[in-house]
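Notes to accompany the following structure.
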Amino acid sequence: MTDSFFLPPIAIGSSGAQNSATVIGLYGVSGVGKTLLLNRLRRELGDELFTYHEGSAVISGVVPGGLEAFQSLEKEEKNFWRKRAIESIRESSIKSGKTAIVTGHMILCSEKGTHEIVHTDSDLEVFSHILYLDEPADVVWSRRQQDTTKKRPDLSVKDISQWLEAEKSLLRQLCYDNCILFALVSPCKLDAITTLLVDFHKHDEVYNLNLATRKLDAALGYCRDHLPETFLVLDGDKTLAADDTGDMLWRTHLPSVTDNLTPLEAIFTSKLGYSYAAFRQVSLLYEEKFTNDEFERICSQVASSVRLYPEMLSLLRNIESKAHIGAVIVTCGLQQVWTSVLENSGLTRKFVVIGGGRHPDDCVVTPTVKAAIVDHLKETHCSYVWAFGDSPLDLDMLSRADEAIVVVGDLHTRSRSMETKLATVIERHKLHAHQLLLPSGVPSRLDTERLPAITLENLSRSINFEILHSSNTNAAKLLATPMRDASVYGPLLRGAHKRAGYYLSMTHVSTLLGLETTQIPHVQGYAIDGFQLRHEAKTIIIALMRGGEPMALGVSKAFPRAMFHHASCVADIAHEHLNGRATAILVDSVINTGRSVSEMIQHIRQINATLRIVVVAGVVQKQAVAARSPLCMLARKSNVGLVALRLSENKYTGRGTTDTGNRLFGTMHLA
């Protein structure tokens, strides 16, 4: 896995150093029920994964003279022992490998209503998560009145309410600034709390990456029998559309938010930044703020307001019918929103969406996850990957893809921080990309030398790359029969190859290159439009000698205005052969590894960088044209089309009397 260039991972519960212990605080005002909840959790979760610590009991255990002696100490001495207590819990957690659950206080409130902050810097270093027990002030007041076992200050409902709000506000910001995951929970919802605790115990960045790739593989079940050779991996916000759906959601939910930070922005502008911990915090925030029904409603409302860029909609609709192309939308935003956006646009059949949500036990999408999705498609599924993104969060993903497209939107909506970071990664030779301007008239990023522009037309043509072949068709079976018959050789075999060349030209080559009109005399004495290969008079047919000549003659029969040339090696193709040509058709009878034809392509590209090249062959070994094979990688990058009568899984290579060249020209006796 590549390191993130600009967004180094931040450990949860750490101010920079790696924290190897998971220590979860149960916080709340005195009387909210922390000790009661801790005992219930011990009974519910057991001791296999968790240890349980009542804060005051731990202090009593480390302070000479116990809790009574602690109460008589000065503030600085109390902080010293509080620090010792929390650090002893961390050490115990590291040693046992278990997750520690600890009751604690943020603020103590006196009868006069004064607040004393009692947390220490060590608390902020040790805690990885804090659950705040959030109960109405009147409920807490009632419990305090009924609990006669503990001596507590006599506080009014108003005092308790102010205490609650002060703790929640201060604690949330402290957690954000110290990379501690924070959530408000109701102490009476035991099932929800245990679910969170189990998730906190197991959910780290490695677990999250595995969850994301498993989610991808499960979603690709629709194409398990025929996995696409090419995948588009696309960001959502500001890549598929100009909108920021996260910002839209919070401003829809909280209309009073205008110039102030939304709850989402408060997370991302804190020390959490755009780390794994930050996106985990976002999930907790959605869980805290919305019920399932509310969340579905507001996601639907936001999705209905999103309009895909017309160019991106056109691209997605174009690939929807292509079996060899798949698409994965991998968004740091909400999966539910982007699933609905695609559904609203009529795109439902083959588009996989991986994104965040409101359930903390699901994966979150980080820059590292985006890059991992690309790697997984390349390495596990052997697919050729195009990545589309617009912001620094996408740079790792773009750098890992075979082809990277930086989507550049309007000046007012595009990422402001992208320009400098994009320039840096290009200068470090970590990224070679094109930029797609949406709409086409907007100012470009950087310059077109460092970041060349690409049009939607050229982009679509490149993405649509596929090997055109007739394998398993009746025509291919009939044409291939004499070519595979060991008793057929000499003129009969050359005739079979010529027929195959003519057939491939009429079916696949004409499809790849297109046609143009030409005036022809009609039998009734007037001129009409006929058709010929596009740029036929500027086409050169190159027979790769010697086995390619008979099939090349069939191609020449189909395109009689094209120039015909023989080539035994790259030296046989010179500047004068390609001068003034628009298209080159390379013809060979068999492609085994693709090495020879690749050398020809590279040689031609050195002479002419823009010439359209098509390779025609009778039989091509499947491995030679697998999505990530050297020949296919070269063909994609060099604008080369591949045409074959059939693809073969048989790796047998003819030699001597079975060599195709010897059979074609009756020279078996010389082998």
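In the structure tokens, chains take the letters A, B, ... in the order shown, each chain's residues start at 1, and ligands count up from 1 in the order shown.
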Test item, helix (DSSP H, G or I) assignment across stretch 490-592 of chain A, answer as a PyMOL selection string = chain A and resi 491-513+536-538+549-558+570-572+575-578
Determine which residues of stretch 305-486 of chain A receive a DSSP assignment of strand (DSSP E), computed from the backbone, and state them as a ChimeraX atom specification.
-> /A:325-334,351-356,384-389,403-408,433-437,467-469
